[in-house]
>>> print(open('final26.txt').read())   # compact mmCIF, C-alpha atoms
# COMPACT_ATOMS: atom_id res chain seq x y z
CA MET A 1028 107.42 79.00 86.63
CA THR A 1029 104.79 81.59 85.70
CA ARG A 1030 106.15 83.99 83.08
CA ALA A 1031 104.24 87.16 82.22
CA LEU A 1032 104.97 88.95 78.96
CA ILE A 1033 103.94 92.61 79.10
CA SER A 1034 103.95 94.36 75.75
CA GLY A 1035 104.48 98.07 76.30
CA ILE A 1036 106.14 97.65 79.71
CA SER A 1037 107.77 101.08 79.43
CA GLY A 1038 104.40 102.79 79.03
CA PHE A 1039 102.06 104.26 81.60
CA VAL A 1040 99.98 101.16 82.36
CA GLY A 1041 102.70 98.61 81.55
CA SER A 1042 105.09 100.07 84.11
CA HIS A 1043 102.45 100.03 86.84
CA LEU A 1044 101.49 96.45 85.96
CA ALA A 1045 105.11 95.31 86.16
CA GLU A 1046 105.48 96.92 89.59
CA TYR A 1047 102.26 95.29 90.77
CA LEU A 1048 103.31 91.81 89.58
CA LEU A 1049 106.78 92.22 91.10
CA ALA A 1050 105.28 93.17 94.48
CA LYS A 1051 102.24 90.87 94.60
CA THR A 1052 103.34 87.67 92.80
CA ASP A 1053 106.38 85.44 92.39
CA TRP A 1054 106.10 85.57 88.60
CA GLU A 1055 108.94 86.17 86.18
CA ILE A 1056 108.20 89.39 84.25
CA ILE A 1057 109.34 89.87 80.67
CA GLY A 1058 108.76 93.32 79.28
CA MET A 1059 108.54 93.90 75.55
CA CYS A 1060 109.51 97.37 74.41
CA ARG A 1061 111.01 99.10 71.39
CA TRP A 1062 114.75 99.62 71.20
CA ARG A 1063 114.26 103.39 71.28
CA SER A 1064 111.62 103.51 74.02
CA PRO A 1065 112.47 105.86 76.93
CA LEU A 1066 112.87 103.93 80.18
CA ASP A 1067 111.80 106.74 82.53
CA ASN A 1068 108.62 104.94 83.63
CA ILE A 1069 110.46 101.76 84.59
CA GLN A 1070 113.35 103.37 86.47
CA PRO A 1071 112.27 101.59 89.69
CA LEU A 1072 112.63 98.26 87.85
CA ILE A 1073 116.11 98.87 86.42
CA PRO A 1074 118.02 97.48 89.47
CA GLU A 1075 115.98 94.24 89.21
CA ILE A 1076 116.74 94.05 85.48
CA ASN A 1077 120.45 94.77 85.94
CA LYS A 1078 120.94 92.09 88.58
CA GLY A 1079 119.25 89.46 86.41
CA GLY A 1080 116.32 89.13 88.79
CA ARG A 1081 112.66 88.55 88.06
CA VAL A 1082 112.36 91.31 85.46
CA ARG A 1083 113.99 91.31 82.02
CA LEU A 1084 113.39 93.00 78.69
CA VAL A 1085 112.96 91.77 75.14
CA TYR A 1086 112.94 94.18 72.23
CA ALA A 1087 110.41 94.41 69.41
CA ASP A 1088 108.29 96.92 67.56
CA LEU A 1089 104.72 95.77 66.87
CA ARG A 1090 105.22 96.83 63.25
CA ASP A 1091 108.04 94.27 62.84
CA GLY A 1092 106.62 90.75 62.64
CA ILE A 1093 110.01 89.02 62.76
CA ALA A 1094 111.02 90.88 65.91
CA VAL A 1095 107.66 90.16 67.55
CA ARG A 1096 108.00 86.43 66.86
CA GLU A 1097 111.53 86.40 68.28
CA ALA A 1098 110.41 88.30 71.40
CA VAL A 1099 107.62 85.80 72.02
CA LYS A 1100 110.04 82.91 71.51
CA GLN A 1101 112.47 84.38 74.04
CA ALA A 1102 109.74 85.08 76.57
CA ASN A 1103 107.90 81.74 76.26
CA PRO A 1104 105.09 83.24 78.36
CA THR A 1105 102.39 81.54 80.39
CA HIS A 1106 100.51 84.87 80.64
CA VAL A 1107 100.42 87.78 78.19
CA PHE A 1108 99.28 91.33 78.82
CA HIS A 1109 99.10 93.11 75.45
CA LEU A 1110 99.18 96.79 76.38
CA ALA A 1111 101.48 98.23 73.70
CA ALA A 1112 99.72 100.64 71.34
CA GLN A 1113 99.69 104.04 69.75
CA SER A 1114 97.46 105.19 72.58
CA TYR A 1115 96.85 108.88 71.94
CA PRO A 1116 93.42 109.64 70.39
CA LYS A 1117 94.38 113.20 69.41
CA THR A 1118 97.60 112.02 67.73
CA SER A 1119 95.65 109.48 65.71
CA PHE A 1120 93.95 112.24 63.73
CA THR A 1121 97.32 113.27 62.27
CA SER A 1122 98.84 109.76 62.19
CA PRO A 1123 95.96 107.43 61.31
CA LEU A 1124 97.97 104.92 59.28
CA ASP A 1125 100.63 104.50 61.95
CA THR A 1126 97.86 104.10 64.52
CA LEU A 1127 96.11 101.40 62.48
CA ASP A 1128 99.34 99.54 61.72
CA THR A 1129 100.50 99.52 65.32
CA ASN A 1130 97.19 98.78 66.98
CA VAL A 1131 95.43 96.46 64.53
CA GLN A 1132 98.15 94.77 62.51
CA GLY A 1133 100.49 94.86 65.51
CA THR A 1134 97.91 92.95 67.55
CA VAL A 1135 97.54 90.42 64.73
CA ARG A 1136 101.34 89.99 64.56
CA LEU A 1137 101.51 89.32 68.29
CA LEU A 1138 98.58 86.92 68.31
CA GLY A 1139 100.03 85.14 65.28
CA ALA A 1140 103.28 84.64 67.17
CA LEU A 1141 101.26 83.17 70.05
CA ARG A 1142 99.14 80.80 67.92
CA THR A 1143 100.86 77.66 69.24
CA SER A 1144 100.90 78.89 72.83
CA ASP A 1145 98.44 77.90 75.54
CA ALA A 1146 99.09 81.14 77.45
CA GLU A 1147 96.35 83.15 79.10
CA ILE A 1148 96.22 86.30 76.94
CA HIS A 1149 94.82 89.74 77.72
CA VAL A 1150 94.25 92.12 74.81
CA CYS A 1151 93.64 95.67 75.96
CA SER A 1152 90.92 97.35 73.91
CA SER A 1153 89.38 100.65 75.03
CA SER A 1154 86.15 102.32 76.04
CA GLU A 1155 86.79 104.57 73.04
CA VAL A 1156 85.28 101.82 70.84
CA TYR A 1157 81.85 102.98 72.04
CA GLY A 1158 82.62 106.56 71.03
CA ARG A 1159 79.61 108.80 70.91
CA ALA A 1160 77.35 106.67 73.06
CA LYS A 1161 73.60 107.31 72.94
CA THR A 1162 72.83 106.11 76.47
CA ILE A 1163 74.72 105.57 79.72
CA PRO A 1164 75.91 103.60 81.53
CA ILE A 1165 77.54 101.71 78.67
CA ALA A 1166 77.34 97.90 78.79
CA GLU A 1167 79.37 95.48 76.68
CA ASP A 1168 76.55 95.00 74.18
CA ALA A 1169 76.40 98.72 73.31
CA PRO A 1170 77.10 99.39 69.62
CA PHE A 1171 80.53 100.56 68.52
CA HIS A 1172 80.61 104.19 67.35
CA PRO A 1173 84.32 105.14 67.29
CA ALA A 1174 85.05 108.87 67.30
CA SER A 1175 88.74 108.87 66.30
CA PRO A 1176 91.18 106.81 64.20
CA TYR A 1177 92.54 105.54 67.52
CA ALA A 1178 89.08 104.29 68.48
CA VAL A 1179 88.69 102.66 65.04
CA SER A 1180 92.02 100.89 65.59
CA LYS A 1181 90.84 99.60 68.95
CA VAL A 1182 87.65 98.26 67.36
CA GLY A 1183 89.89 96.33 64.97
CA ALA A 1184 92.12 94.99 67.75
CA ASP A 1185 89.07 94.09 69.86
CA LEU A 1186 87.43 92.13 67.04
CA MET A 1187 90.62 90.43 65.89
CA ALA A 1188 91.36 89.26 69.44
CA ARG A 1189 87.90 87.76 69.77
CA HIS A 1190 88.24 86.20 66.31
CA TYR A 1191 91.53 84.51 67.25
CA ALA A 1192 89.94 83.16 70.43
CA GLU A 1193 87.05 81.67 68.47
CA ALA A 1194 88.85 80.54 65.33
CA TYR A 1195 92.00 79.08 66.89
CA GLY A 1196 90.92 78.16 70.39
CA MET A 1197 93.29 80.65 71.97
CA ARG A 1198 92.81 81.69 75.59
CA ILE A 1199 92.24 85.38 74.84
CA GLN A 1200 90.19 87.87 76.83
CA VAL A 1201 89.53 91.49 75.95
CA THR A 1202 89.11 94.48 78.27
CA ARG A 1203 87.58 97.84 77.46
CA MET A 1204 89.05 100.05 80.15
CA PHE A 1205 87.40 103.41 80.72
CA THR A 1206 89.33 106.51 81.76
CA HIS A 1207 92.19 105.60 84.10
CA THR A 1208 94.91 107.89 85.33
CA GLY A 1209 97.54 108.49 87.97
CA PRO A 1210 101.29 109.05 88.18
CA ARG A 1211 103.09 108.83 84.79
CA ARG A 1212 99.94 109.49 82.77
CA GLY A 1213 100.89 110.96 79.40
CA ASP A 1214 100.49 114.71 79.17
CA VAL A 1215 98.43 114.45 75.99
CA PHE A 1216 95.49 113.42 78.19
CA ALA A 1217 93.41 116.22 79.68
CA GLU A 1218 93.77 115.60 83.42
CA SER A 1219 97.52 115.00 83.17
CA SER A 1220 97.98 118.11 81.05
CA PHE A 1221 96.11 120.13 83.68
CA ALA A 1222 98.29 118.76 86.49
CA LYS A 1223 101.49 119.41 84.55
CA GLN A 1224 100.48 122.98 83.76
CA ILE A 1225 99.58 123.65 87.41
CA ALA A 1226 102.97 122.31 88.53
CA MET A 1227 104.73 124.50 85.95
CA ILE A 1228 102.70 127.56 87.02
CA GLU A 1229 103.55 126.95 90.68
CA ALA A 1230 107.23 126.86 89.73
CA GLY A 1231 106.94 130.12 87.75
CA LEU A 1232 107.76 128.44 84.44
CA ILE A 1233 104.64 129.60 82.57
CA PRO A 1234 101.97 132.29 83.08
CA PRO A 1235 99.18 131.45 85.60
CA VAL A 1236 96.66 130.24 83.01
CA VAL A 1237 95.75 126.59 82.33
CA LYS A 1238 94.95 125.95 78.68
CA VAL A 1239 92.10 123.50 78.14
CA GLY A 1240 90.00 121.74 75.53
CA ASN A 1241 86.45 120.45 75.95
CA LEU A 1242 85.51 120.63 79.64
CA LYS A 1243 81.98 119.29 79.21
CA SER A 1244 82.80 115.64 78.40
CA LEU A 1245 81.57 113.20 81.03
CA ARG A 1246 84.08 110.67 82.36
CA THR A 1247 84.19 107.90 84.95
CA ILE A 1248 87.65 107.90 86.48
CA ALA A 1249 89.66 104.92 87.74
CA ASP A 1250 93.14 104.84 89.24
CA VAL A 1251 95.77 103.05 87.13
CA ARG A 1252 96.78 101.02 90.18
CA ASP A 1253 93.24 99.67 90.45
CA ALA A 1254 93.32 99.01 86.69
CA VAL A 1255 96.41 96.80 86.78
CA ARG A 1256 94.99 94.87 89.72
CA ALA A 1257 91.94 94.21 87.54
CA TYR A 1258 94.17 92.99 84.69
CA HIS A 1259 95.92 90.52 86.97
CA MET A 1260 92.56 89.21 88.20
CA LEU A 1261 91.35 88.91 84.59
CA LEU A 1262 93.95 86.24 83.85
CA THR A 1263 93.92 84.51 87.24
CA VAL A 1264 90.30 84.40 88.45
CA ASN A 1265 88.60 81.66 86.43
CA PRO A 1266 89.62 83.11 83.02
CA GLN A 1267 87.04 82.67 80.24
CA PRO A 1268 88.51 82.45 76.71
CA GLY A 1269 86.69 84.78 74.34
CA ALA A 1270 85.23 86.92 77.12
CA TYR A 1271 85.22 90.71 76.92
CA TYR A 1272 84.65 93.14 79.78
CA ASN A 1273 84.16 96.79 80.58
CA ILE A 1274 86.35 97.95 83.48
CA GLY A 1275 86.17 101.39 85.07
CA GLY A 1276 86.06 103.44 88.21
CA SER A 1277 83.20 104.63 90.38
CA HIS A 1278 83.67 108.43 90.26
CA THR A 1279 81.80 110.12 87.41
CA CYS A 1280 82.33 113.80 86.62
CA THR A 1281 82.99 116.22 83.79
CA VAL A 1282 86.47 117.10 82.60
CA GLY A 1283 85.78 120.54 84.06
CA ASP A 1284 85.19 118.96 87.47
CA ILE A 1285 88.56 117.21 87.20
CA LEU A 1286 90.21 120.56 86.46
CA ASN A 1287 88.49 122.22 89.42
CA THR A 1288 89.62 119.43 91.74
CA LEU A 1289 93.24 119.86 90.65
CA LEU A 1290 93.02 123.66 90.93
CA SER A 1291 91.69 123.31 94.48
CA MET A 1292 94.93 121.50 95.40
CA SER A 1293 97.04 124.53 94.50
CA ALA A 1294 97.53 127.70 96.55
CA VAL A 1295 98.23 129.73 93.41
CA LYS A 1296 95.47 131.73 91.71
CA ILE A 1297 95.15 130.24 88.22
CA GLY A 1298 92.97 131.22 85.26
CA ILE A 1299 91.49 129.05 82.51
CA GLU A 1300 91.69 129.55 78.74
CA VAL A 1301 90.25 127.40 75.95
CA ASP A 1302 92.92 126.41 73.42
CA PRO A 1303 91.37 125.41 70.04
CA GLY A 1304 94.38 123.17 69.41
CA ARG A 1305 93.32 121.00 72.34
CA LEU A 1306 89.89 120.24 70.91
CA ARG A 1307 89.33 116.96 69.06
CA PRO A 1308 87.50 117.06 65.69
CA VAL A 1309 85.01 114.60 67.27
CA ASP A 1310 84.84 113.80 70.98
CA ALA A 1311 83.67 110.70 72.85
CA ASP A 1312 81.75 112.73 75.37
CA LEU A 1313 79.77 110.21 77.44
CA GLN A 1314 82.20 107.68 78.90
CA VAL A 1315 80.32 106.09 81.79
CA PRO A 1316 80.65 102.29 82.12
CA ASP A 1317 78.51 99.45 83.37
CA CYS A 1318 81.15 97.12 84.90
CA THR A 1319 78.70 94.63 86.39
CA LYS A 1320 79.89 91.73 84.23
CA PHE A 1321 83.54 91.99 85.28
CA LYS A 1322 82.76 92.72 88.92
CA ASN A 1323 80.44 89.73 89.19
CA HIS A 1324 82.97 87.42 87.56
CA THR A 1325 86.09 88.42 89.49
CA GLY A 1326 84.94 90.30 92.60
CA TRP A 1327 87.11 93.26 91.61
CA ARG A 1328 86.17 96.70 92.90
CA PRO A 1329 88.01 100.03 92.58
CA MET A 1330 89.66 100.94 95.89
CA ILE A 1331 91.60 104.20 95.41
CA PRO A 1332 89.49 107.38 95.86
CA PHE A 1333 89.33 109.93 93.04
CA GLU A 1334 90.84 112.67 95.22
CA GLN A 1335 93.86 110.47 96.01
CA THR A 1336 94.38 109.75 92.32
CA MET A 1337 94.35 113.46 91.50
CA ALA A 1338 96.68 114.29 94.39
CA ASP A 1339 99.15 111.62 93.30
CA LEU A 1340 99.00 112.80 89.68
CA LEU A 1341 99.72 116.39 90.71
CA ALA A 1342 102.53 115.22 93.03
CA TYR A 1343 104.08 113.33 90.11
CA TRP A 1344 104.21 116.45 87.93
CA ARG A 1345 105.47 118.59 90.80
CA ASP A 1346 108.31 116.10 91.18
CA GLN A 1347 109.04 116.23 87.45
CA VAL A 1348 109.31 120.03 87.65
CA LYS A 1349 111.47 119.85 90.80
CA ARG A 1350 113.86 117.43 89.09
CA GLY A 1351 114.24 119.83 86.19
CA ALA A 1352 112.67 117.55 83.60
CA PRO A 1353 112.32 119.35 80.25
CA LEU A 1354 108.61 120.10 79.96
CA GLN A 1355 106.65 121.68 77.13
CA ARG A 1356 103.32 123.29 77.82
>>> encode(input="final26.txt", output="structure tokens")
Amino acid sequence: MTRALISGISGFVGSHLAEYLLAKTDWEIIGMCRWRSPLDNIQPLIPEINKGGRVRLVYADLRDGIAVREAVKQANPTHVFHLAAQSYPKTSFTSPLDTLDTNVQGTVRLLGALRTSDAEIHVCSSSEVYGRAKTIPIAEDAPFHPASPYAVSKVGADLMARHYAEAYGMRIQVTRMFTHTGPRRGDVFAESSFAKQIAMIEAGLIPPVVKVGNLKSLRTIADVRDAVRAYHMLLTVNPQPGAYYNIGGSHTCTVGDILNTLLSMSAVKIGIEVDPGRLRPVDADLQVPDCTKFKNHTGWRPMIPFEQTMADLLAYWRDQVKRGAPLQR
């Protein structure tokens, strides 16, 4: 029986990956999450968990090595998707030590618990490792130039994963996913914050002004549902231990273009205001990937159009507002 352990199953990407694996495979899915993690993102999976079906949960915090080892023992996985992280770049400026502990040492704790396993392992790094890139598109051999404590932590996780693959013969692969979004995207990220504010404005909850940060940063956007399909292919299409890949979408635009697209989907007249609190001390402003290596190896291609991704993101926040979810601007 194929058993997939997803660390961070209750997060944005983890929840989408679990849904994809439940729909597209016959695998058993074991989600690792913290005891206190909100389960909102995995509400569609709760009936399957409650009936003792193909989805179950194990509990561990990446900062607790004993709990991580016990979770791995319970899961006994054949495939591992390590997605759990402190994943907010802006937050990392005020919580750098927590970010480093969770993302670097947490990855080491998980890989240490898997040392005797022959599982296929995916460690999720980030395009943020490239930071302030000098040229685009960015290929895998571009130098690291992290622009936040979060990015520094992902450099550490990236290198430690590749070290464990080389030093201990573990079947580990690393991905550096570029900007990916869609329903359930955290509102600390620009495009999701824009969509949430628009939904709140439409409902009359806040004044008709969207507060923004840096609108000039260049991004290549992928849909999260294309991203999790790529992750599944990573571990099932001729996996190469020690390999590392850029993965990203095909639509490149500025953050301002993303905002304009979302605004065009609303019938309400909405203004724009720069909020200094939404600006990073340093920004990774050229995030355009070269994904040739991964595409050639797996045959993966992004399939969901940018406009559909934005429409689905806005629909998600409109639904949150309609349901009366407590939202803070």
>>> atom_distance(input="final26.txt", atom1="CA of Thr1263 (chain A)", atom2="CA of Ile1073 (chain A)")
26.4 Å
>>> atom_distance(input="final26.txt", atom1="CA of Thr1288 (chain A)", atom2="CA of Asp1317 (chain A)")
24.3 Å
>>> closest_residue(input="final26.txt", among="A:Leu1141, A:Ser1175, A:Ile1069, A:Pro1235", to="Ala1294 (chain A)", atoms="only C-alpha atoms")
A:Pro1235
>>> atom_distance(input="final26.txt", atom1="CA of Thr1336 (chain A)", atom2="CA of Val1237 (chain A)")
19.6 Å
>>> residues_around(input="final26.txt", residues="region 1203-1211 of chain A", least_positions_apart="5", cutoff="10 Å", atoms="all atoms listed in the file", output="JSON list (two decimals) with C-alpha atoms, in the frame of the given file")
[["chain", "number", "residue", "atom", "x", "y", "z"],
["A", 1038, "GLY", "CA", 104.40, 102.79, 79.03],
["A", 1039, "PHE", "CA", 102.06, 104.26, 81.60],
["A", 1040, "VAL", "CA", 99.98, 101.16, 82.36],
["A", 1042, "SER", "CA", 105.09, 100.07, 84.11],
["A", 1043, "HIS", "CA", 102.45, 100.03, 86.84],
["A", 1067, "ASP", "CA", 111.80, 106.74, 82.53],
["A", 1068, "ASN", "CA", 108.62, 104.94, 83.63],
["A", 1150, "VAL", "CA", 94.25, 92.12, 74.81],
["A", 1151, "CYS", "CA", 93.64, 95.67, 75.96],
["A", 1152, "SER", "CA", 90.92, 97.35, 73.91],
["A", 1153, "SER", "CA", 89.38, 100.65, 75.03],
["A", 1154, "SER", "CA", 86.15, 102.32, 76.04],
["A", 1155, "GLU", "CA", 86.79, 104.57, 73.04],
["A", 1156, "VAL", "CA", 85.28, 101.82, 70.84],
["A", 1157, "TYR", "CA", 81.85, 102.98, 72.04],
["A", 1167, "GLU", "CA", 79.37, 95.48, 76.68],
["A", 1181, "LYS", "CA", 90.84, 99.60, 68.95],
["A", 1185, "ASP", "CA", 89.07, 94.09, 69.86],
["A", 1216, "PHE", "CA", 95.49, 113.42, 78.19],
["A", 1218, "GLU", "CA", 93.77, 115.60, 83.42],
["A", 1219, "SER", "CA", 97.52, 115.00, 83.17],
["A", 1246, "ARG", "CA", 84.08, 110.67, 82.36],
["A", 1247, "THR", "CA", 84.19, 107.90, 84.95],
["A", 1248, "ILE", "CA", 87.65, 107.90, 86.48],
["A", 1249, "ALA", "CA", 89.66, 104.92, 87.74],
["A", 1250, "ASP", "CA", 93.14, 104.84, 89.24],
["A", 1251, "VAL", "CA", 95.77, 103.05, 87.13],
["A", 1252, "ARG", "CA", 96.78, 101.02, 90.18],
["A", 1253, "ASP", "CA", 93.24, 99.67, 90.45],
["A", 1254, "ALA", "CA", 93.32, 99.01, 86.69],
["A", 1257, "ALA", "CA", 91.94, 94.21, 87.54],
["A", 1258, "TYR", "CA", 94.17, 92.99, 84.69],
["A", 1271, "TYR", "CA", 85.22, 90.71, 76.92],
["A", 1272, "TYR", "CA", 84.65, 93.14, 79.78],
["A", 1273, "ASN", "CA", 84.16, 96.79, 80.58],
["A", 1274, "ILE", "CA", 86.35, 97.95, 83.48],
["A", 1275, "GLY", "CA", 86.17, 101.39, 85.07],
["A", 1276, "GLY", "CA", 86.06, 103.44, 88.21],
["A", 1314, "GLN", "CA", 82.20, 107.68, 78.90],
["A", 1315, "VAL", "CA", 80.32, 106.09, 81.79],
["A", 1316, "PRO", "CA", 80.65, 102.29, 82.12],
["A", 1318, "CYS", "CA", 81.15, 97.12, 84.90],
["A", 1333, "PHE", "CA", 89.33, 109.93, 93.04],
["A", 1335, "GLN", "CA", 93.86, 110.47, 96.01],
["A", 1336, "THR", "CA", 94.38, 109.75, 92.32],
["A", 1337, "MET", "CA", 94.35, 113.46, 91.50],
["A", 1338, "ALA", "CA", 96.68, 114.29, 94.39],
["A", 1339, "ASP", "CA", 99.15, 111.62, 93.30],
["A", 1340, "LEU", "CA", 99.00, 112.80, 89.68],
["A", 1341, "LEU", "CA", 99.72, 116.39, 90.71],
["A", 1342, "ALA", "CA", 102.53, 115.22, 93.03],
["A", 1343, "TYR", "CA", 104.08, 113.33, 90.11],
["A", 1344, "TRP", "CA", 104.21, 116.45, 87.93],
["A", 1347, "GLN", "CA", 109.04, 116.23, 87.45]]
>>> residues_near_point(input="final26.txt", point="(97.7, 79.9, 72.9)", cutoff="10 Å", atoms="all atoms listed in the file", output="number ranges by chain")
A: 1104-1107, 1138-1148, 1191-1192, 1195-1199
>>> axis_aligned_box(input="final26.txt", around="region 1054-1057 of chain A", padding_each_side="5 Å", output="lines of an AutoDock Vina configuration file")
center_x = 107.7
center_y = 87.7
center_z = 84.6
size_x = 13.2
size_y = 14.3
size_z = 17.9
>>> closest_residue(input="final26.txt", among="A:Ala1050, A:Val1295, A:Ala1270, A:Ala1098", to="Glu1193 (chain A)", atoms="all atoms listed in the file")
A:Ala1270
>>> closest_residue(input="final26.txt", among="A:Gly1158, A:Gly1079, A:Gly1133, A:Gly1213", to="Asp1091 (chain A)", atoms="all atoms listed in the file")
A:Gly1133
>>> residues_around(input="final26.txt", residues="Leu1261 (chain A)", least_positions_apart="4", cutoff="8 Å", atoms="only C-alpha atoms", output="PyMOL selection string")
chain A and resi 1149+1200+1257+1265-1266+1325
>>> closest_residue(input="final26.txt", among="A:Arg1090, A:Lys1238, A:His1172, A:Lys1320", to="Lys1223 (chain A)", atoms="only C-alpha atoms")
A:Lys1238
>>> residues_around(input="final26.txt", residues="Asp1088 (chain A)", least_positions_apart="3", cutoff="7 Å", atoms="all atoms listed in the file", output="PyMOL selection string")
chain A and resi 1060-1061+1091+1094-1095
>>> decode(input="final26.txt", residues="region 1146-1153 of chain A", atoms="all heavy atoms", output="PDB file, in the first residue's frame")
ATOM      1  N   ALA A1146      11.762   5.804   1.620  1.00  0.00           N
ATOM      2  CA  ALA A1146      10.672   6.567   1.012  1.00  0.00           C
ATOM      3  C   ALA A1146      11.198   7.560  -0.022  1.00  0.00           C
ATOM      4  O   ALA A1146      12.332   8.047   0.062  1.00  0.00           O
ATOM      5  CB  ALA A1146       9.900   7.321   2.096  1.00  0.00           C
ATOM      6  N   GLU A1147      10.356   7.856  -0.996  1.00  0.00           N
ATOM      7  CA  GLU A1147      10.599   8.961  -1.910  1.00  0.00           C
ATOM      8  C   GLU A1147      10.208  10.239  -1.163  1.00  0.00           C
ATOM      9  O   GLU A1147       9.075  10.357  -0.681  1.00  0.00           O
ATOM     10  CB  GLU A1147       9.766   8.832  -3.181  1.00  0.00           C
ATOM     11  CG  GLU A1147      10.051   7.597  -4.012  1.00  0.00           C
ATOM     12  CD  GLU A1147      11.396   7.657  -4.728  1.00  0.00           C
ATOM     13  OE1 GLU A1147      12.021   8.747  -4.716  1.00  0.00           O
ATOM     14  OE2 GLU A1147      11.803   6.640  -5.289  1.00  0.00           O
ATOM     15  N   ILE A1148      11.137  11.193  -1.059  1.00  0.00           N
ATOM     16  CA  ILE A1148      10.930  12.363  -0.205  1.00  0.00           C
ATOM     17  C   ILE A1148      11.026  13.649  -1.018  1.00  0.00           C
ATOM     18  O   ILE A1148      11.986  13.857  -1.770  1.00  0.00           O
ATOM     19  CB  ILE A1148      11.973  12.400   0.936  1.00  0.00           C
ATOM     20  CG1 ILE A1148      11.875  11.122   1.774  1.00  0.00           C
ATOM     21  CG2 ILE A1148      11.787  13.639   1.813  1.00  0.00           C
ATOM     22  CD1 ILE A1148      13.036  10.952   2.755  1.00  0.00           C
ATOM     23  N   HIS A1149      10.038  14.501  -0.850  1.00  0.00           N
ATOM     24  CA  HIS A1149      10.029  15.830  -1.456  1.00  0.00           C
ATOM     25  C   HIS A1149      10.217  16.869  -0.359  1.00  0.00           C
ATOM     26  O   HIS A1149       9.423  16.927   0.587  1.00  0.00           O
ATOM     27  CB  HIS A1149       8.695  16.053  -2.174  1.00  0.00           C
ATOM     28  CG  HIS A1149       8.416  17.485  -2.526  1.00  0.00           C
ATOM     29  ND1 HIS A1149       7.147  18.025  -2.522  1.00  0.00           N
ATOM     30  CD2 HIS A1149       9.244  18.506  -2.898  1.00  0.00           C
ATOM     31  CE1 HIS A1149       7.203  19.296  -2.874  1.00  0.00           C
ATOM     32  NE2 HIS A1149       8.455  19.609  -3.100  1.00  0.00           N
ATOM     33  N   VAL A1150      11.243  17.687  -0.472  1.00  0.00           N
ATOM     34  CA  VAL A1150      11.437  18.823   0.427  1.00  0.00           C
ATOM     35  C   VAL A1150      11.136  20.092  -0.356  1.00  0.00           C
ATOM     36  O   VAL A1150      11.745  20.359  -1.396  1.00  0.00           O
ATOM     37  CB  VAL A1150      12.863  18.865   1.001  1.00  0.00           C
ATOM     38  CG1 VAL A1150      13.105  20.166   1.763  1.00  0.00           C
ATOM     39  CG2 VAL A1150      13.082  17.673   1.935  1.00  0.00           C
ATOM     40  N   CYS A1151      10.182  20.845   0.149  1.00  0.00           N
ATOM     41  CA  CYS A1151       9.734  22.054  -0.542  1.00  0.00           C
ATOM     42  C   CYS A1151      10.603  23.237  -0.125  1.00  0.00           C
ATOM     43  O   CYS A1151      10.513  23.719   1.007  1.00  0.00           O
ATOM     44  CB  CYS A1151       8.269  22.307  -0.194  1.00  0.00           C
ATOM     45  SG  CYS A1151       7.523  23.656  -1.108  1.00  0.00           S
ATOM     46  N   SER A1152      11.455  23.690  -1.027  1.00  0.00           N
ATOM     47  CA  SER A1152      12.223  24.909  -0.822  1.00  0.00           C
ATOM     48  C   SER A1152      11.379  26.063  -1.370  1.00  0.00           C
ATOM     49  O   SER A1152      10.162  26.047  -1.275  1.00  0.00           O
ATOM     50  CB  SER A1152      13.588  24.797  -1.501  1.00  0.00           C
ATOM     51  OG  SER A1152      14.360  25.961  -1.335  1.00  0.00           O
ATOM     52  N   SER A1153      11.993  27.052  -1.963  1.00  0.00           N
ATOM     53  CA  SER A1153      11.236  28.216  -2.430  1.00  0.00           C
ATOM     54  C   SER A1153      12.053  29.008  -3.439  1.00  0.00           C
ATOM     55  O   SER A1153      13.293  29.045  -3.368  1.00  0.00           O
ATOM     56  CB  SER A1153      10.888  29.121  -1.245  1.00  0.00           C
ATOM     57  OG  SER A1153      10.368  30.359  -1.673  1.00  0.00           O
TER      58      SER A1153
END
